[in-house]
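Raw contents of data31.txt, compact mmCIF, C-alpha atoms:
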# COMPACT_ATOMS: atom_id res chain seq x y z
CA MET M 1 21.77 60.60 20.11
CA ALA M 2 23.24 57.42 21.55
CA ARG M 3 20.74 54.98 22.99
CA ASN M 4 21.37 52.81 26.01
CA LYS M 5 21.13 49.04 25.94
CA ILE M 6 17.77 48.04 27.38
CA ASP M 7 17.62 44.93 29.56
CA TYR M 8 14.13 45.46 31.00
CA GLY M 9 10.72 44.87 29.48
CA ILE M 10 7.28 45.65 30.92
CA ASP M 11 3.89 44.29 29.95
CA LEU M 12 1.59 47.11 31.00
CA GLY M 13 -1.66 45.19 30.84
CA THR M 14 -5.31 46.12 31.25
CA THR M 15 -5.83 43.45 33.92
CA ASN M 16 -2.33 42.41 35.02
CA SER M 17 1.19 43.74 34.51
CA ALA M 18 4.68 42.27 34.76
CA ILE M 19 8.34 43.19 34.47
CA SER M 20 11.20 41.07 33.18
CA ARG M 21 14.87 41.49 32.42
CA ILE M 22 17.65 39.69 30.57
CA GLU M 23 19.78 37.60 32.90
CA HIS M 24 22.68 35.60 31.42
CA GLY M 25 21.14 36.00 27.99
CA GLU M 26 17.71 34.72 29.04
CA PRO M 27 14.50 36.70 29.79
CA THR M 28 13.53 36.33 33.45
CA ILE M 29 10.28 37.53 35.02
CA LEU M 30 10.84 39.39 38.29
CA LYS M 31 8.60 38.40 41.17
CA THR M 32 6.19 40.85 42.73
CA ASP M 33 6.00 41.69 46.43
CA THR M 34 3.69 38.68 46.81
CA LEU M 35 6.13 36.45 44.87
CA LYS M 36 3.92 36.21 41.78
CA ASP M 37 4.84 36.67 38.13
CA THR M 38 2.20 39.36 37.61
CA MET M 39 0.46 42.05 39.64
CA PRO M 40 -3.08 43.33 39.13
CA SER M 41 -3.14 46.66 37.26
CA CYS M 42 -5.15 48.14 40.10
CA ILE M 43 -4.64 51.24 42.25
CA PHE M 44 -6.25 52.03 45.59
CA PHE M 45 -6.02 55.24 47.61
CA ASN M 46 -6.52 54.37 51.28
CA LYS M 47 -7.86 56.56 54.08
CA LYS M 48 -4.32 57.63 54.99
CA LYS M 49 -3.97 58.97 51.43
CA ALA M 50 -1.35 56.38 50.61
CA ILE M 51 -1.28 54.50 47.32
CA GLN M 52 -1.69 50.73 47.34
CA LEU M 53 -1.02 48.62 44.27
CA GLY M 54 -1.23 45.01 43.20
CA ASP M 55 -2.97 42.34 45.22
CA SER M 56 -3.79 44.54 48.22
CA SER M 57 -5.43 47.16 46.01
CA TYR M 58 -7.42 44.52 44.16
CA SER M 59 -8.69 43.17 47.49
CA ALA M 60 -9.76 46.72 48.38
CA LEU M 61 -11.57 46.95 45.04
CA LYS M 62 -13.54 43.80 45.80
CA ARG M 63 -14.47 45.17 49.24
CA ASP M 64 -15.70 48.39 47.64
CA LYS M 65 -17.81 46.43 45.13
CA LEU M 66 -19.42 44.42 47.93
CA LYS M 67 -20.23 47.62 49.80
CA ALA M 68 -21.74 49.06 46.64
CA LEU M 69 -24.02 46.05 46.30
CA LYS M 70 -25.30 46.57 49.84
CA ASN M 71 -25.62 50.34 49.52
CA PRO M 72 -25.71 51.51 45.88
CA GLY M 73 -26.23 55.10 46.94
CA LYS M 74 -22.77 55.27 48.46
CA ALA M 75 -20.82 53.50 45.73
CA ASN M 76 -17.82 55.83 45.71
CA SER M 77 -14.72 53.72 45.29
CA ASN M 78 -11.10 54.78 45.66
CA ALA M 79 -9.89 51.78 43.65
CA PHE M 80 -9.35 51.94 39.90
CA ILE M 81 -8.81 49.33 37.20
CA GLU M 82 -8.83 49.05 33.40
CA PHE M 83 -7.55 52.61 32.90
CA LYS M 84 -5.40 51.33 30.03
CA ARG M 85 -8.58 51.29 27.93
CA THR M 86 -8.89 55.08 28.27
CA MET M 87 -5.23 55.84 27.63
CA GLY M 88 -4.84 58.92 25.46
CA THR M 89 -8.33 60.25 26.21
CA ASP M 90 -9.59 63.00 28.53
CA LYS M 91 -11.21 60.48 30.88
CA LYS M 92 -10.73 61.41 34.55
CA TYR M 93 -10.82 59.13 37.60
CA THR M 94 -11.93 60.87 40.78
CA SER M 95 -10.71 59.73 44.19
CA PRO M 96 -12.95 60.95 47.05
CA VAL M 97 -10.18 60.29 49.58
CA MET M 98 -7.50 62.22 47.69
CA GLU M 99 -10.01 64.84 46.47
CA LEU M 100 -8.18 64.76 43.16
CA GLU M 101 -8.76 63.66 39.59
CA TYR M 102 -6.31 61.41 37.74
CA ASN M 103 -5.96 60.63 34.07
CA SER M 104 -5.00 57.26 32.63
CA GLU M 105 -1.30 57.96 32.25
CA GLU M 106 -1.00 59.15 35.85
CA LEU M 107 -2.57 55.92 37.11
CA SER M 108 -0.48 53.86 34.69
CA ALA M 109 2.63 55.62 35.97
CA GLU M 110 1.90 54.31 39.46
CA VAL M 111 1.72 50.76 38.07
CA LEU M 112 5.06 51.28 36.32
CA LYS M 113 6.59 52.65 39.54
CA ALA M 114 5.45 49.56 41.42
CA LEU M 115 6.94 47.24 38.80
CA LYS M 116 10.15 49.25 38.87
CA SER M 117 10.35 48.84 42.65
CA TYR M 118 10.66 45.06 42.24
CA VAL M 119 14.18 45.61 40.93
CA SER M 120 16.25 45.71 44.11
CA ASP M 121 19.80 45.27 42.87
CA GLU M 122 20.20 48.14 40.42
CA SER M 123 18.68 51.40 39.19
CA VAL M 124 16.43 51.08 36.14
CA ASN M 125 16.29 54.02 33.75
CA SER M 126 15.56 52.37 30.39
CA VAL M 127 12.71 50.04 29.53
CA VAL M 128 10.69 48.54 26.69
CA VAL M 129 6.92 48.76 27.27
CA THR M 130 4.51 46.71 25.18
CA VAL M 131 1.36 48.28 23.74
CA PRO M 132 -1.58 46.93 21.70
CA ALA M 133 -0.98 46.80 17.95
CA LYS M 134 -3.87 49.19 17.27
CA PHE M 135 -2.89 51.85 19.80
CA THR M 136 -3.22 55.30 18.21
CA SER M 137 -0.57 58.00 18.31
CA ASN M 138 -2.38 59.62 21.26
CA GLN M 139 -2.40 56.34 23.17
CA LYS M 140 1.28 55.73 22.47
CA ASP M 141 2.19 59.26 23.53
CA ALA M 142 0.21 58.79 26.76
CA THR M 143 2.09 55.54 27.45
CA LEU M 144 5.41 57.35 26.96
CA ARG M 145 4.25 60.09 29.34
CA ALA M 146 3.35 57.44 31.91
CA ALA M 147 6.86 55.99 31.63
CA GLU M 148 8.36 59.44 32.06
CA LEU M 149 6.20 60.09 35.14
CA ALA M 150 7.40 56.75 36.53
CA GLY M 151 11.01 57.91 36.30
CA PHE M 152 12.20 56.19 33.14
CA SER M 153 14.56 58.38 31.10
CA GLN M 154 14.32 56.10 28.06
CA CYS M 155 11.24 54.14 26.97
CA GLU M 156 10.75 52.23 23.73
CA LEU M 157 7.34 50.89 22.72
CA LEU M 158 6.83 47.44 21.20
CA GLN M 159 3.57 46.05 19.85
CA GLU M 160 2.28 43.21 22.03
CA PRO M 161 1.73 40.56 19.32
CA ILE M 162 5.17 41.28 17.89
CA ALA M 163 6.70 40.83 21.34
CA ALA M 164 4.88 37.48 21.60
CA ALA M 165 6.12 36.46 18.15
CA MET M 166 9.70 37.39 19.05
CA ALA M 167 9.50 35.36 22.27
CA TYR M 168 8.13 32.37 20.38
CA GLY M 169 10.72 32.71 17.63
CA ALA M 170 13.55 32.70 20.14
CA THR M 171 12.71 29.13 21.19
CA SER M 172 10.98 27.75 18.09
CA SER M 173 12.61 25.28 15.70
CA ILE M 174 10.62 26.71 12.78
CA LYS M 175 13.04 28.22 10.24
CA ASP M 176 10.61 28.83 7.38
CA GLY M 177 6.88 29.45 7.26
CA HIS M 178 4.21 31.73 8.65
CA ILE M 179 3.11 32.27 12.25
CA LEU M 180 -0.22 33.81 13.29
CA VAL M 181 -0.10 35.30 16.78
CA PHE M 182 -3.32 35.89 18.78
CA ASP M 183 -3.04 38.11 21.85
CA PHE M 184 -6.37 38.15 23.68
CA GLY M 185 -5.98 40.08 26.93
CA GLY M 186 -8.21 41.45 29.62
CA GLY M 187 -9.14 44.54 27.65
CA THR M 188 -7.60 44.37 24.18
CA PHE M 189 -7.22 41.95 21.29
CA ASP M 190 -4.37 41.84 18.77
CA ALA M 191 -3.20 39.57 15.98
CA ALA M 192 0.01 39.57 13.98
CA LEU M 193 1.01 37.64 10.87
CA VAL M 194 4.72 36.84 10.91
CA GLU M 195 6.81 35.37 8.12
CA VAL M 196 9.87 33.29 9.01
CA HIS M 197 12.58 32.77 6.40
CA GLU M 198 15.83 31.02 7.31
CA GLY M 199 15.17 31.82 10.93
CA ILE M 200 14.65 35.55 10.30
CA MET M 201 11.26 36.92 11.38
CA LYS M 202 9.37 39.62 9.51
CA VAL M 203 6.04 41.08 10.57
CA ILE M 204 3.73 41.17 7.55
CA ASP M 205 0.67 42.76 9.16
CA THR M 206 -1.04 43.46 12.48
CA GLU M 207 -4.67 44.03 13.39
CA GLY M 208 -6.63 44.40 16.59
CA ASP M 209 -9.38 45.92 18.68
CA ASN M 210 -8.53 48.15 21.64
CA TYR M 211 -11.94 47.55 23.22
CA LEU M 212 -12.27 43.78 23.01
CA GLY M 213 -11.00 41.55 25.79
CA GLY M 214 -11.87 39.23 28.64
CA LYS M 215 -13.87 42.02 30.28
CA ASN M 216 -16.24 42.04 27.31
CA LEU M 217 -16.71 38.28 27.52
CA ASP M 218 -17.59 38.64 31.21
CA ILE M 219 -20.19 41.31 30.38
CA ALA M 220 -21.63 39.23 27.54
CA ILE M 221 -22.00 36.17 29.80
CA VAL M 222 -23.84 38.24 32.40
CA ASP M 223 -26.05 40.08 29.89
CA LYS M 224 -26.84 37.17 27.55
CA ILE M 225 -26.85 34.13 29.86
CA ILE M 226 -27.00 34.87 33.59
CA PHE M 227 -29.34 37.86 33.58
CA PRO M 228 -31.94 36.38 31.21
CA TYR M 229 -32.00 33.26 33.40
CA LEU M 230 -32.59 35.33 36.53
CA GLN M 231 -35.37 37.30 34.81
CA GLU M 232 -37.03 34.07 33.74
CA GLU M 233 -36.79 32.27 37.09
CA TYR M 234 -37.26 35.12 39.56
CA VAL M 235 -39.28 38.30 40.02
CA LEU M 236 -36.77 41.14 40.17
CA GLU M 237 -38.16 44.29 41.74
CA GLU M 238 -35.30 46.42 40.49
CA TYR M 239 -31.98 46.00 38.76
CA LEU M 240 -29.18 48.08 37.22
This structure in structure tokens:
Amino acid sequence: MARNKIDYGIDLGTTNSAISRIEHGEPTILKTDTLKDTMPSCIFFNKKKAIQLGDSSYSALKRDKLKALKNPGKANSNAFIEFKRTMGTDKKYTSPVMELEYNSEELSAEVLKALKSYVSDESVNSVVVTVPAKFTSNQKDATLRAAELAGFSQCELLQEPIAAAMAYGATSSIKDGHILVFDFGGGTFDAALVEVHEGIMKVIDTEGDNYLGGKNLDIAIVDKIIFPYLQEEYVLEEYL
């Protein structure tokens, strides 16, 4: 079957996502509705049962977290993040407002739809979506389903460290040697060893951890540094 030329690429990230396309032979990042290069991979269902994405949804998430701190017994949020980490699993996200459950690919599809909406001058049907190097077959299939739900008729997957290596190789003056690419994101970590010979790149090996990212560093800082300090300096009547 003939395949269409693909001019669009999407980084479907755990924390932030972005869309780019080839313009005059050069990759160009398309701006979000707030004129930024990336949008938070966050979804919020408001009281009118409408879906909010990006910066407005992330602001709603922060409001929900503040409310939860003041009243832990009513900590039911309608904002969701980091669902990429449960891609390909049976994890469900329940929205009290919508009275529905969503899986990771359904939420990811909404992020893809939002990114797609930033293209105003043409219809986008084909796209390359990057995924962690260690994504399993189930996780890759779920990503493809998310792209289909978002309205893409053709979706090709590309490992994130390889995409980074390709981008670096396009502008690098290195014609021979080895390149080690580290991709440490909000929720995943990948590495790729790339060999360059006469300007031609070849991926030798990839490795990674789908559950290691900036989120885990945040948790470690709280658990190992901040919380022990608070326990030592203050009398805490209760804590979570």
Item to check | Atom-to-atom span, CA of Ile81 in chain M and CA of Thr14 in chain M, Å | outcome: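 Interatomic distance here is 7.6 Å.
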Next on the checklist: Report, in Å with one decimal, the straight-line distance from CA of Ala192 in chain M to CA of Asp209 in chain M.
Outcome noted: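 It comes out at 12.3 Å.
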Checklist entry - Rounded to one decimal in Å, what is the spacing between CA of Asp218 in chain M and CA of Thr136 in chain M? => result 25.6 Å
Item to check | Neighbour list for Ser77 in chain M as a ChimeraX atom specification, cut-off 9 Å, all atoms listed in the file, skip fewer than 6 positions in-chain | outcome: /M:44,61,64-65,68,94-96
Name the residues in contact with Met98 in chain M at a cut-off of 10 Å, using all atoms listed in the file, excluding same-chain residues fewer than 4 positions from it; report them as a compact mmCIF listing (two decimals) with C-alpha atoms, keeping the file's coordinate frame.
# COMPACT_ATOMS: atom_id res chain seq x y z
CA PHE M 45 -6.02 55.24 47.61
CA ASN M 46 -6.52 54.37 51.28
CA LYS M 47 -7.86 56.56 54.08
CA LYS M 48 -4.32 57.63 54.99
CA LYS M 49 -3.97 58.97 51.43
CA ALA M 50 -1.35 56.38 50.61
CA ILE M 51 -1.28 54.50 47.32
CA ASN M 78 -11.10 54.78 45.66
CA THR M 94 -11.93 60.87 40.78
Item to check | Shortest interatomic distance to Gly208 in chain M - which of M:Gln231, M:Gln159, M:Ser17, M:Ser56, counting only C-alpha atoms | outcome: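 Of M:Gln231, M:Gln159, M:Ser17, M:Ser56, the one nearest Gly208 in chain M, counting only C-alpha atoms, is M:Gln159.
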Next on the checklist: Using all atoms listed in the file, can you tell me which of M:Gly54, M:Pro40, M:Gly214, M:Gly177 comes closest to Gly13 in chain M?
Outcome noted: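 For Gly13 in chain M, the nearest of the given residues is M:Pro40.
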Item to check | Residue neighbourhood range 28-36 of chain M, 12 Å, all atoms listed in the file, exclusion window fewer than 3 positions, as a PyMOL selection string | outcome: chain M and resi 7-11+16-25+39-40+52-56+111+114-121+167
Can you write just those residues out, C-alpha atoms, as a tab-separated table (two decimals), in the frame of the given file?
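That gives us again17.tsv:
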chain	number	residue	atom	x	y	z
M	7	ASP	CA	17.62	44.93	29.56
M	8	TYR	CA	14.13	45.46	31.00
M	9	GLY	CA	10.72	44.87	29.48
M	10	ILE	CA	7.28	45.65	30.92
M	11	ASP	CA	3.89	44.29	29.95
M	16	ASN	CA	-2.33	42.41	35.02
M	17	SER	CA	1.19	43.74	34.51
M	18	ALA	CA	4.68	42.27	34.76
M	19	ILE	CA	8.34	43.19	34.47
M	20	SER	CA	11.20	41.07	33.18
M	21	ARG	CA	14.87	41.49	32.42
M	22	ILE	CA	17.65	39.69	30.57
M	23	GLU	CA	19.78	37.60	32.90
M	24	HIS	CA	22.68	35.60	31.42
M	25	GLY	CA	21.14	36.00	27.99
M	39	MET	CA	0.46	42.05	39.64
M	40	PRO	CA	-3.08	43.33	39.13
M	52	GLN	CA	-1.69	50.73	47.34
M	53	LEU	CA	-1.02	48.62	44.27
M	54	GLY	CA	-1.23	45.01	43.20
M	55	ASP	CA	-2.97	42.34	45.22
M	56	SER	CA	-3.79	44.54	48.22
M	111	VAL	CA	1.72	50.76	38.07
M	114	ALA	CA	5.45	49.56	41.42
M	115	LEU	CA	6.94	47.24	38.80
M	116	LYS	CA	10.15	49.25	38.87
M	117	SER	CA	10.35	48.84	42.65
M	118	TYR	CA	10.66	45.06	42.24
M	119	VAL	CA	14.18	45.61	40.93
M	120	SER	CA	16.25	45.71	44.11
M	121	ASP	CA	19.80	45.27	42.87
M	167	ALA	CA	9.50	35.36	22.27
Next on the checklist: What's around Ser104 in chain M at 7 Å? Count all atoms listed in the file, leave out sequence neighbours fewer than 4 positions away in its own chain, and write the answer as an MDAnalysis selection string.
Outcome noted: chainID M and resid 83:84 86:87 108
Next on the checklist: When you count only C-alpha atoms, which of these residues is closest to Ala133 in chain M: M:Ile174, M:Ile219, M:Ala109, M:Val181?
Outcome noted: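 Checking each of M:Ile174, M:Ile219, M:Ala109, M:Val181 against Ala133 in chain M, counting only C-alpha atoms, the winner is M:Val181.
For the choices M:Glu82, M:Asp141, M:Glu122, M:Asp205, the atom-to-atom distance to Leu107 in chain M is smallest for M:Glu82 when using only C-alpha atoms.
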Checklist entry - Do you know which residues are at most 8 Å from range 153-156 of chain M counting all atoms listed in the file, after dropping those on the same chain fewer than 4 positions away, and could you put them as a list in words? => result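 Answer for this query is Asn125, Ser126, Val127, Val128, Val129, Leu144, Ala147 and Glu148 of chain M.
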